[in-house]
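Participant: One structure coming up, written as structure tokens, with questions to follow.
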Amino acid sequence: MSEAVVEARGLGRTYKTSKGLLRRESRTVEAVKDVSFTVARGELFGLLGPNGAGKTTTIKMLITLLLPTSGSATVLGQDVAKDPQAVRRRVGYVFGGDRGLYERLSGLDNLRYFAELYGVPSRESRRRIAELLELVGLSDRARQRVEGYSRGMRQRLHIARGLLHRPEVLFLDEPSIGIDPVGARELRATVTRLVEEGTTVLLTTHYMFEADELCDRLAIIANGSIVAEGTPDDLKRRVATGTVFEVDVYGLPDGVVEGLRRDADVQSVSVEVRGQAQILTVHARPGAEIASTMLGHLEGSRFGRLATREPTLEDAYVELVSLA
Ligand SMILES: Nc1ncnc2c1ncn2[C@@H]1O[C@H](COP(=O)(O)OP(=O)(O)OP(=O)(O)O)[C@@H](O)[C@H]1O
């Protein structure tokens with residue numbers, strides 16, 4: 001395996017919070033627990049997990065914005081707690097959302113401003129900015145004010161900003177949040193190009209499709225811990241046995257989901273509301289003939305389409321997260 005660029009070893013972070021005005025109650029939240037993983041040079045590594053899983057906290061520790069409360073991590077061989085300055089000089093980061101740009105300045109002027117702020121030598125900054133605008137596909141719109149940019153364009157400008165000082169590793173926290181499908185596709189193309197040019201990227205997402213399409217390897221994180229790690233195909237293979245059934249139900253009766261979950265032939269059950277219908281997804285154990293069991297559970301309720309399909313990365317994700 002090539003050089004490890006990011007190495008987290010038993011990383012943990014607790015937050016102390018308090019609530020109540022008169023009788024203050026303090027509470028400890030274990031946001032990240034014993035997280036270990038390695039990202040090799042040139043890799044595109046994803047941290048995939050539901051809201052509150054601990055993805056942002058992990059990234060903040062790696063980019064030295066937050067101190068770990070247990071464990072340790074190195075980025076490019078430097079310890080994040082002992083030598084934060086050395087880490088900061090060599091990493092870039094971009095958080096989701098579109099704040100932090102100057103609306104009334106053009107994309108080009110925003111980059112000029114940040115280049116100066118980051119101390120990029122002016123000789124170099126012109127060429128670097130031109131290169132980056134090309135990389136993120138904004139060369140044609142560079143002289144337009146940011147207030148006229150779409151969310152996707154702003155996010156790509158943020159990526160350019162995060163790359164001004166030529167970091168060897170870029171951390172992207174939820175890059176495509178709130179971006180429409182066309183914008184998200186352009187953003188994925190930018191990230192792919194970036195990796196092709198040699199930058200190591202660690203991104204967080206809760207979009208399975210994005211993780212599947214982009215990542216060389218990924219770790220699924222739930223409740224602060226890593227529950228699985230591997231290539232998207234490795235993770236899919238974990239659930240590649242057994243069949244997935246999908247049924248459209250109109251008015252799912254109470255107790256059906258619990259009843260199915262108790263069934264020995266069932267590995268996992270999830271429900272998603274889509275318009276008038278609830279889509280019941282049931283992953284059966286290998287060899288189980290559960291179509292009739294399911295129809296038994298659904299007796300008396302109104303249902304439409306019943307389909308079987310191969311497991312996807314999303315099924316792997318739902319199953320691994322629900323076991324955590
Ligand atoms: N500053 C803080 N003080 C107290 N608790 C916090 C703080 N920041 C995060 N948490 C808690 O830590 C846990 C992990 O949060 P974190 O933001 O790392 O998750 P996440 O996976 O990035 O979620 P999301 O996808 O919603 O951004 C959550 O339970 C969250 O409420």
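Chains: A, B, ... in order of the structure tokens. Residues: from 1 per chain. Ligands: from 1, in order shown.
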What do you get as an MDAnalysis selection string if you pick all residues at most 8 Å from ligand 1, counting only C-alpha atoms and all ligand atoms?
Facilitator: chainID A and resid 14:17 29:32 49:58 173:174 204:206 221:224
Participant: Could you list, as a list in words, every residue within 8 Å of stretch 68-74 of chain A, counting only C-alpha atoms and ignoring same-chain residues fewer than 4 positions away?
Facilitator: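 So the residues in contact are Val5, Val6, Glu7, Ala8, Arg9, Gly10, Leu11, Gly12, Arg13, Thr14, Asp34, Met61, Leu62, Gln78, Asp79, Val80 and Ala81 of chain A.
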Participant: Based on the selection just made, write C-alpha atoms of those residues as a JSON list (two decimals), in the first residue's frame.
Facilitator:
[["chain", "number", "residue", "atom", "x", "y", "z"],
["A", 5, "VAL", "CA", -1.70, 10.48, 4.15],
["A", 6, "VAL", "CA", -4.34, 10.41, 6.86],
["A", 7, "GLU", "CA", -4.16, 8.03, 9.77],
["A", 8, "ALA", "CA", -6.73, 8.06, 12.58],
["A", 9, "ARG", "CA", -5.98, 5.77, 15.51],
["A", 10, "GLY", "CA", -8.71, 5.25, 18.07],
["A", 11, "LEU", "CA", -9.85, 8.82, 17.62],
["A", 12, "GLY", "CA", -12.51, 10.04, 20.04],
["A", 13, "ARG", "CA", -14.24, 13.27, 20.93],
["A", 14, "THR", "CA", -16.75, 14.05, 23.64],
["A", 34, "ASP", "CA", -12.57, 4.90, 18.79],
["A", 61, "MET", "CA", -10.15, 16.90, 14.43],
["A", 62, "LEU", "CA", -8.18, 16.00, 11.30],
["A", 78, "GLN", "CA", 2.23, 15.30, 11.38],
["A", 79, "ASP", "CA", 0.33, 14.81, 14.60],
["A", 80, "VAL", "CA", -2.86, 16.89, 14.55],
["A", 81, "ALA", "CA", -2.69, 17.67, 18.27]]
Participant: Mind pulling up the distance from atom CA of A:Cys215 to atom CA of A:Leu163?
Facilitator: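 Atom-to-atom, atom CA of A:Leu163 and atom CA of A:Cys215 are spaced 19.5 Å apart.
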Participant: Report the distance between atom CA of A:Ser150 and atom CA of A:Arg128 in Å, rounded to one decimal place.
Facilitator: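 Atom CA of A:Ser150 sits 23.2 Å away from atom CA of A:Arg128.
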Participant: Go ahead and compute the interatomic distance for atom CA of A:Tyr250 and atom CA of A:Thr308, in Å to one decimal.
Facilitator: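 That distance, rounded to one decimal, is 18.6 Å.
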